[in-house]
$ cat entry.txt   # compact mmCIF, C-alpha atoms (C1' of nucleotides)
# COMPACT_ATOMS: atom_id res chain seq x y z
CA MET A 188 29.67 69.30 14.84
CA ARG A 189 33.19 69.29 16.21
CA GLU A 190 35.89 66.92 15.13
CA ASN A 191 34.91 64.33 17.70
CA LEU A 192 37.02 61.51 16.47
CA ARG A 193 37.77 60.17 19.89
CA PHE A 194 35.55 57.37 21.10
CA ASP A 195 36.30 55.34 24.17
CA PRO A 196 34.84 51.89 24.74
CA VAL A 197 31.92 53.35 26.69
CA ASP A 198 30.95 55.60 23.78
CA LEU A 199 31.07 52.66 21.41
CA GLN A 200 28.89 50.62 23.71
CA ILE A 201 26.39 53.47 23.99
CA LEU A 202 26.21 53.78 20.21
CA ARG A 203 25.77 50.05 19.87
CA VAL A 204 22.94 49.83 22.38
CA LEU A 205 21.17 52.96 21.17
CA GLN A 206 21.23 51.85 17.56
CA ASN A 207 19.77 48.55 18.63
CA ASP A 208 16.94 50.25 20.54
CA ALA A 209 16.70 54.01 20.38
CA ARG A 210 13.74 54.05 22.78
CA ILE A 211 15.71 52.62 25.71
CA THR A 212 15.53 54.77 28.83
CA ASN A 213 18.62 56.55 30.01
CA ARG A 214 18.51 54.47 33.18
CA ASP A 215 18.61 51.17 31.33
CA LEU A 216 21.21 52.45 28.92
CA ALA A 217 23.44 53.48 31.82
CA ALA A 218 23.02 50.08 33.40
CA ALA A 219 23.79 48.34 30.10
CA VAL A 220 27.07 50.19 29.65
CA GLY A 221 28.01 50.18 33.33
CA ILE A 222 27.96 53.87 34.30
CA ALA A 223 25.70 56.11 36.38
CA PRO A 224 22.56 57.51 34.71
CA SER A 225 23.69 61.12 35.06
CA THR A 226 27.04 60.32 33.49
CA CYS A 227 25.28 58.49 30.73
CA LEU A 228 23.03 61.46 30.04
CA ASP A 229 26.14 63.59 29.73
CA ARG A 230 27.78 61.15 27.33
CA VAL A 231 24.76 61.03 25.07
CA ALA A 232 24.42 64.82 25.12
CA ARG A 233 28.07 65.03 24.10
CA LEU A 234 27.51 62.65 21.20
CA ARG A 235 24.53 64.76 20.20
CA GLU A 236 26.45 68.05 20.35
CA GLY A 237 29.34 66.45 18.53
CA GLY A 238 27.08 65.71 15.58
CA VAL A 239 27.46 61.96 15.92
CA ILE A 240 23.84 61.47 16.96
CA LEU A 241 21.69 63.51 14.58
CA GLY A 242 18.32 62.64 16.08
CA HIS A 243 15.72 59.98 16.38
CA ALA A 244 13.71 58.68 13.45
CA LEU A 245 10.47 56.78 13.54
CA ARG A 246 10.60 53.43 11.77
CA VAL A 247 7.33 53.02 9.87
CA ALA A 248 6.17 50.08 7.77
CA PRO A 249 5.34 51.27 4.25
CA GLU A 250 3.09 48.28 3.59
CA ALA A 251 1.06 48.97 6.75
CA LEU A 252 0.56 52.49 5.45
CA GLY A 253 -0.84 51.24 2.17
CA ARG A 254 2.42 51.54 0.22
CA PRO A 255 3.53 47.93 -0.25
CA ILE A 256 5.46 48.46 -3.50
CA GLN A 257 8.97 49.83 -3.06
CA ALA A 258 11.37 50.52 -5.88
CA PHE A 259 14.63 52.20 -6.72
CA LEU A 260 14.56 54.60 -9.63
CA SER A 261 17.92 55.15 -11.27
CA VAL A 262 17.75 58.53 -12.96
CA ARG A 263 19.98 60.07 -15.63
CA VAL A 264 19.95 63.86 -16.00
CA GLN A 265 21.24 65.87 -18.93
CA PRO A 266 22.62 68.43 -18.94
CA HIS A 267 23.88 67.79 -15.45
CA ARG A 268 24.12 71.39 -14.26
CA ARG A 269 23.14 73.16 -11.06
CA PRO A 270 20.30 75.27 -12.45
CA LEU A 271 18.57 72.12 -13.62
CA VAL A 272 19.62 69.79 -10.83
CA GLU A 273 18.56 71.84 -7.83
CA PRO A 274 14.88 72.22 -8.76
CA LEU A 275 14.81 68.57 -9.75
CA VAL A 276 16.13 67.51 -6.35
CA GLU A 277 13.44 69.59 -4.69
CA HIS A 278 10.77 68.13 -6.91
CA ILE A 279 11.81 64.56 -6.16
CA ARG A 280 12.22 65.18 -2.44
CA THR A 281 8.71 66.55 -2.08
CA ARG A 282 6.92 63.67 -3.81
CA PRO A 283 4.92 61.79 -1.15
CA GLU A 284 6.31 58.49 -2.48
CA THR A 285 9.97 59.47 -2.00
CA ARG A 286 11.72 57.86 0.95
CA ALA A 287 15.31 58.75 0.11
CA LEU A 288 17.31 60.40 -2.64
CA TYR A 289 21.00 59.99 -3.47
CA HIS A 290 23.26 61.92 -5.82
CA LEU A 291 25.77 59.44 -7.19
CA THR A 292 28.76 58.92 -9.41
CA GLY A 293 28.33 56.39 -12.18
CA PRO A 294 26.37 56.00 -15.38
CA ASP A 295 23.22 57.40 -13.73
CA ASP A 296 23.11 60.52 -11.59
CA PHE A 297 20.43 59.90 -8.98
CA LEU A 298 18.99 56.98 -7.11
CA VAL A 299 15.54 57.39 -5.58
CA LEU A 300 13.87 55.00 -3.17
CA VAL A 301 10.10 55.27 -3.50
CA ALA A 302 7.10 53.55 -1.88
CA ALA A 303 3.97 53.26 -4.00
CA ALA A 304 0.44 52.03 -3.36
CA ASP A 305 0.50 49.54 -6.24
CA VAL A 306 2.09 48.95 -9.61
CA ALA A 307 -0.21 51.39 -11.36
CA ASP A 308 0.77 54.05 -8.84
CA LEU A 309 4.43 53.31 -9.50
CA GLN A 310 3.87 53.56 -13.24
CA ARG A 311 2.10 56.90 -12.83
CA LEU A 312 4.95 58.15 -10.65
CA VAL A 313 7.60 57.19 -13.18
CA LEU A 314 5.76 58.51 -16.21
CA ASP A 315 4.27 61.70 -14.80
CA GLU A 316 6.84 62.82 -12.27
CA PHE A 317 10.10 61.57 -13.78
CA THR A 318 10.24 60.76 -17.48
CA ALA A 319 7.86 63.62 -18.26
CA ARG A 320 10.54 66.09 -17.22
CA PRO A 321 12.78 67.12 -20.12
CA GLU A 322 16.02 67.15 -18.12
CA ILE A 323 15.54 63.46 -17.23
CA THR A 324 16.83 61.40 -20.12
CA ARG A 325 16.43 57.94 -18.62
CA VAL A 326 14.76 56.20 -15.68
CA GLN A 327 15.47 52.62 -14.78
CA THR A 328 13.01 51.08 -12.32
CA MET A 329 14.11 48.29 -9.98
CA LEU A 330 11.54 46.73 -7.68
CA VAL A 331 12.58 45.95 -4.11
CA PHE A 332 11.94 42.30 -3.21
CA GLN A 333 13.29 42.60 0.30
CA GLU A 334 15.34 44.96 2.39
CA TRP A 335 17.62 44.49 5.38
CA ASP A 336 19.24 46.90 7.76
CA GLY A 337 22.92 46.67 8.49
CA GLY A 338 24.22 46.32 12.02
CA PRO A 339 25.03 49.33 14.17
CA LEU A 340 27.35 51.81 12.51
CA LEU A 341 30.58 52.19 14.46
CA PRO A 342 33.94 53.87 13.89
CA PRO A 343 36.44 51.89 11.80
CA GLY A 344 39.46 50.15 13.24
CA MET B 209 0.23 43.52 12.47
CA ARG B 210 -3.46 43.70 11.63
CA GLU B 211 -4.89 45.14 8.45
CA ASN B 212 -5.05 48.66 9.87
CA LEU B 213 -5.82 50.47 6.70
CA ARG B 214 -8.06 53.06 8.29
CA PHE B 215 -6.42 56.33 9.22
CA ASP B 216 -8.31 59.39 10.27
CA PRO B 217 -6.85 62.92 10.07
CA VAL B 218 -5.61 62.68 13.65
CA ASP B 219 -3.62 59.53 12.89
CA LEU B 220 -2.08 61.20 9.89
CA GLN B 221 -1.13 64.22 11.95
CA ILE B 222 0.42 61.99 14.62
CA LEU B 223 2.49 60.18 12.00
CA ARG B 224 3.57 63.46 10.51
CA VAL B 225 4.69 64.97 13.81
CA LEU B 226 6.36 61.78 15.04
CA GLN B 227 8.33 61.33 11.84
CA ASN B 228 9.48 64.90 12.16
CA ASP B 229 10.61 64.41 15.77
CA ALA B 230 10.37 60.94 17.22
CA ARG B 231 11.61 62.13 20.60
CA ILE B 232 8.65 64.41 21.29
CA THR B 233 6.85 63.73 24.58
CA ASN B 234 3.35 62.35 24.54
CA ARG B 235 2.06 65.55 26.12
CA ASP B 236 3.51 67.77 23.42
CA LEU B 237 2.39 65.40 20.71
CA ALA B 238 -1.15 65.48 22.07
CA ALA B 239 -1.09 69.27 22.14
CA ALA B 240 0.27 69.41 18.60
CA VAL B 241 -2.52 67.26 17.17
CA GLY B 242 -5.24 68.70 19.40
CA ILE B 243 -6.31 65.74 21.53
CA ALA B 244 -5.96 64.73 25.19
CA PRO B 245 -2.70 63.09 26.28
CA SER B 246 -4.41 59.87 27.34
CA THR B 247 -6.15 59.61 24.00
CA CYS B 248 -2.90 60.32 22.23
CA LEU B 249 -1.11 57.60 24.15
CA ASP B 250 -3.83 55.21 23.07
CA ARG B 251 -3.58 56.27 19.44
CA VAL B 252 0.15 55.77 19.33
CA ALA B 253 -0.13 52.40 21.06
CA ARG B 254 -2.70 51.38 18.44
CA LEU B 255 -0.36 52.42 15.63
CA ARG B 256 2.38 50.44 17.28
CA GLU B 257 0.26 47.31 17.71
CA GLY B 258 -1.05 47.69 14.17
CA GLY B 259 2.51 47.40 12.86
CA VAL B 260 2.52 50.88 11.39
CA ILE B 261 5.12 52.12 13.85
CA LEU B 262 7.90 49.54 13.98
CA GLY B 263 10.15 51.30 16.45
CA HIS B 264 12.64 54.09 16.84
CA ALA B 265 15.96 54.31 15.04
CA LEU B 266 18.95 56.43 15.92
CA ARG B 267 20.12 58.71 13.17
CA VAL B 268 23.92 58.75 13.19
CA ALA B 269 26.31 60.73 10.99
CA PRO B 270 28.70 58.34 9.25
CA GLU B 271 31.28 61.08 8.67
CA ALA B 272 31.30 61.97 12.37
CA LEU B 273 32.03 58.33 13.08
CA GLY B 274 35.05 58.31 10.79
CA ARG B 275 33.25 56.82 7.78
CA PRO B 276 32.95 59.77 5.40
CA ILE B 277 32.87 57.75 2.17
CA GLN B 278 29.52 56.27 1.29
CA ALA B 279 28.79 54.20 -1.79
CA PHE B 280 26.22 51.97 -3.38
CA LEU B 281 27.48 48.61 -4.57
CA SER B 282 25.37 47.05 -7.30
CA VAL B 283 25.96 43.33 -7.13
CA ARG B 284 25.21 40.59 -9.65
CA VAL B 285 25.01 37.00 -8.37
CA GLN B 286 25.16 33.83 -10.44
CA PRO B 287 23.64 31.33 -10.11
CA HIS B 288 20.88 33.19 -8.32
CA ARG B 289 19.66 30.36 -6.06
CA ARG B 290 18.70 30.21 -2.41
CA PRO B 291 21.60 28.06 -1.17
CA LEU B 292 24.03 30.65 -2.49
CA VAL B 293 22.00 33.76 -1.84
CA GLU B 294 21.15 33.27 1.82
CA PRO B 295 24.74 32.97 3.11
CA LEU B 296 25.72 35.88 0.88
CA VAL B 297 23.00 38.08 2.40
CA GLU B 298 24.22 37.17 5.86
CA HIS B 299 27.83 37.90 4.89
CA ILE B 300 26.96 41.33 3.50
CA ARG B 301 24.67 42.24 6.39
CA THR B 302 27.33 41.54 8.97
CA ARG B 303 30.07 43.67 7.39
CA PRO B 304 30.66 46.69 9.65
CA GLU B 305 30.51 48.96 6.59
CA THR B 306 27.03 47.85 5.53
CA ARG B 307 24.21 50.30 6.24
CA ALA B 308 21.45 48.73 4.16
CA LEU B 309 20.93 45.87 1.74
CA TYR B 310 18.24 45.49 -0.92
CA HIS B 311 17.27 42.51 -3.07
CA LEU B 312 16.08 43.92 -6.38
CA THR B 313 14.69 43.15 -9.79
CA GLY B 314 16.73 44.37 -12.71
CA PRO B 315 20.08 43.65 -14.32
CA ASP B 316 21.78 43.41 -10.92
CA ASP B 317 20.45 41.46 -7.96
CA PHE B 318 21.52 43.40 -4.88
CA LEU B 319 22.14 46.97 -3.92
CA VAL B 320 24.28 47.61 -0.85
CA LEU B 321 24.77 50.95 0.86
CA VAL B 322 28.15 51.02 2.61
CA ALA B 323 30.09 53.58 4.64
CA ALA B 324 33.88 53.37 4.49
CA ALA B 325 36.69 55.17 6.25
CA ASP B 326 38.37 56.25 3.01
CA VAL B 327 38.78 55.24 -0.59
CA ALA B 328 41.35 52.59 0.23
CA ASP B 329 38.95 51.07 2.74
CA LEU B 330 36.24 51.04 0.10
CA GLN B 331 38.56 49.35 -2.38
CA ARG B 332 39.49 46.71 0.17
CA LEU B 333 35.82 46.11 0.92
CA VAL B 334 34.92 45.66 -2.73
CA LEU B 335 37.88 43.45 -3.57
CA ASP B 336 38.07 41.29 -0.47
CA GLU B 337 34.47 41.00 0.64
CA PHE B 338 32.60 41.14 -2.65
CA THR B 339 34.43 40.36 -5.88
CA ALA B 340 36.53 37.71 -4.12
CA ARG B 341 33.41 35.57 -3.68
CA PRO B 342 32.85 33.20 -6.61
CA GLU B 343 29.05 33.62 -6.72
CA ILE B 344 29.45 37.37 -7.27
CA THR B 345 30.04 37.93 -10.98
CA ARG B 346 30.00 41.72 -11.02
CA VAL B 347 30.18 44.67 -8.66
CA GLN B 348 29.52 48.21 -9.79
CA THR B 349 30.56 50.91 -7.30
CA MET B 350 28.75 54.24 -7.21
CA LEU B 351 30.00 56.90 -4.80
CA VAL B 352 27.40 58.92 -2.90
CA PHE B 353 27.91 62.67 -3.39
CA GLN B 354 24.97 63.67 -1.24
CA GLU B 355 21.88 62.13 0.29
CA TRP B 356 18.46 63.52 1.22
CA ASP B 357 15.60 62.10 3.24
CA GLY B 358 12.12 62.20 1.87
CA GLY B 359 9.30 63.80 3.78
CA PRO B 360 7.15 61.86 6.24
CA LEU B 361 5.69 58.67 4.77
CA LEU B 362 1.90 58.78 4.75
CA PRO B 363 -0.89 56.67 3.28
CA PRO B 364 -1.73 57.34 -0.39
CA GLY B 365 -4.88 59.17 -1.48
C1' DC C 156 35.09 62.68 34.38
C1' DG C 157 32.60 60.45 37.59
C1' DT C 158 28.82 59.83 41.50
C1' DG C 159 24.58 60.12 44.57
C1' DA C 160 20.67 62.38 46.01
C1' DA C 161 16.85 65.65 45.34
C1' DA C 162 13.24 67.86 42.53
C1' DG C 163 10.27 68.22 38.85
C1' DT C 164 8.19 65.93 34.90
C1' DC C 165 6.31 62.34 32.59
C1' DA C 166 4.15 57.80 31.15
C1' DC C 167 0.81 54.89 32.33
C1' DC C 168 -3.34 52.93 34.49
C1' DT C 169 -7.95 53.20 36.28
C1' DA C 170 -12.35 55.14 36.81
C1' DG C 171 -16.06 58.07 35.83
C1' DT C 172 -18.83 60.99 32.26
C1' DA D 286 -13.20 60.43 23.34
C1' DC D 287 -12.11 63.49 27.39
C1' DT D 288 -11.21 64.50 32.36
C1' DA D 289 -9.15 63.56 36.68
C1' DG D 290 -6.43 61.32 40.06
C1' DG D 291 -2.64 58.59 41.50
C1' DT D 292 1.64 55.89 41.36
C1' DG D 293 5.98 54.80 40.03
C1' DA D 294 9.61 55.65 36.92
C1' DC D 295 12.11 58.74 34.62
C1' DT D 296 14.97 62.90 33.20
C1' DT D 297 17.61 66.57 34.72
C1' DT D 298 20.22 69.38 37.79
C1' DC D 299 23.55 70.19 41.28
C1' DA D 300 27.01 69.84 44.85
C1' DC D 301 30.60 67.07 45.61
C1' DG D 302 34.86 63.41 45.05
$ encode --input "entry.txt" --output "structure tokens"
Amino acid sequence: MRENLRFDPVDLQILRVLQNDARITNRDLAAAVGIAPSTCLDRVARLREGGVILGHALRVAPEALGRPIQAFLSVRVQPHRRPLVEPLVEHIRTRPETRALYHLTGPDDFLVLVAAADVADLQRLVLDEFTARPEITRVQTMLVFQEWDGGPLLPPG
Amino acid sequence: MRENLRFDPVDLQILRVLQNDARITNRDLAAAVGIAPSTCLDRVARLREGGVILGHALRVAPEALGRPIQAFLSVRVQPHRRPLVEPLVEHIRTRPETRALYHLTGPDDFLVLVAAADVADLQRLVLDEFTARPEITRVQTMLVFQEWDGGPLLPPG
DNA sequence: CGTGAAAGTCACCTAGT
DNA sequence: ACTAGGTGACTTTCACG
């Protein structure tokens, strides 16, 4: 990842289109941004090498997979030291329900997005995998009613 | 999206491999899960039609795009009624800093993941786009130290 | 940095078993 | 489900402005 902080209008357009549909073919992408396919391939490779494009992720529907209940768990850890935190992070990351994990500033230390099969499954997860651990002093559970994605992420200015 | 709640071990393997690398070719995917390419194409199409696979998303690095500061904003809205909430959701979703938005149960109503250029940009966002709105009664800002993805999302059991 | 053409690979469809 | 064949589209490379 180099310090690629130069983006011309073509780069921005590529990022916009690709974030809207990552499965677009290079041909169509080139046509959409108004350059030749080979040039476009080069641009995208450059964005990839530059660390701007990290990869492609599959968007799956948790409810179609039998995990219709999503929740954020706000977790407080004490004492908040490396020897305790690092195994905890690994433990949380490897739960099959965990979708994302964030280390935060604020009253609580971690925020975990989980997808559970039902409310009983969520309760089991909280009780057995979180509050049962001695270093976790508090877990606040917030159910997700609905989620939205933001628009394409672009450079500021 | 039909009620596709039957997944055999091959489906699970496909979901695992695809979530690990969504850009894999159908040939390689077929080889990885041990079936013929034509069969594999059919399986993936079925998962797509069944609403399990929603699409492909580009993974971008906010810091490489000049937005190195990420934060969660926990937002309380009062009164919490549709005529106020729906325009607010649209306003938040269309901010260029917004990466994701969640409507939650709990003391606060919304959680917003944002990516800002610097701390001053974050302050401007909070003050001008959030607390300035009369229906927002409280915004709690939590900086993101670090984030991790969970493993591949699979059916429970 | 951009283009156009050429070569190899792949997705995709259709049958047959 | 797999195999096989066939077509068109696609990625990728390269020599050249």
$ atom_distance --input "entry.txt" --atom1 "atom CA of Thr324 of chain A" --atom2 "atom CA of Ser261 of chain A"
10.9 Å
$ closest_atom_pairs --input "entry.txt" --of "segment 261-302 of chain A" --to "segment 308-329 of chain B" --cutoff "12 Å" --atoms "all atoms listed in the file" --output "CSV"
residue,atom,partner,partner_atom,distance
A:Ser261,CA,B:Gly314,CA,10.9
A:Tyr289,CA,B:Leu321,CA,10.7
A:Leu291,CA,B:Leu321,CA,11.7
A:Leu298,CA,B:Leu319,CA,11.0
A:Leu300,CA,B:Tyr310,CA,10.7
$ interface_residues --input "entry.txt" --of "chain B" --to "chain D" --cutoff "10 Å" --atoms "all atoms listed in the file" --output "ChimeraX atom specification"
/B:243-247
$ write_last_selection --input "entry.txt" --atoms "C-alpha atoms" --output "PDB file, in the coordinates of the input"
ATOM      1  CA  ILE B 243      -6.310  65.740  21.530  1.00  0.00           C
ATOM      2  CA  ALA B 244      -5.960  64.730  25.190  1.00  0.00           C
ATOM      3  CA  PRO B 245      -2.700  63.090  26.280  1.00  0.00           C
ATOM      4  CA  SER B 246      -4.410  59.870  27.340  1.00  0.00           C
ATOM      5  CA  THR B 247      -6.150  59.610  24.000  1.00  0.00           C
TER       6      THR B 247
END
$ atom_distance --input "entry.txt" --atom1 "atom CA of Leu351 of chain B" --atom2 "atom CA of Glu271 of chain B"
14.2 Å
$ residues_around --input "entry.txt" --residues "His288 of chain B" --least-positions-apart "3" --cutoff "10 Å" --atoms "all atoms listed in the file" --output "count of residues only"
8
$ residues_around --input "entry.txt" --residues "Gln200 of chain A" --least-positions-apart "2" --cutoff "10 Å" --atoms "only C-alpha atoms (C1' of nucleotides)" --output "PyMOL selection string"
chain A and resi 194-198+202-206+216+219-221+341
$ interface_residues --input "entry.txt" --of "chain C" --to "chain B" --cutoff "10 Å" --atoms "only C-alpha atoms (C1' of nucleotides)" --output "list of chain:residue names"
C:DC165, C:DA166, C:DC167
$ atom_distance --input "entry.txt" --atom1 "atom CA of Asp236 of chain B" --atom2 "atom CA of Cys248 of chain B"
9.9 Å
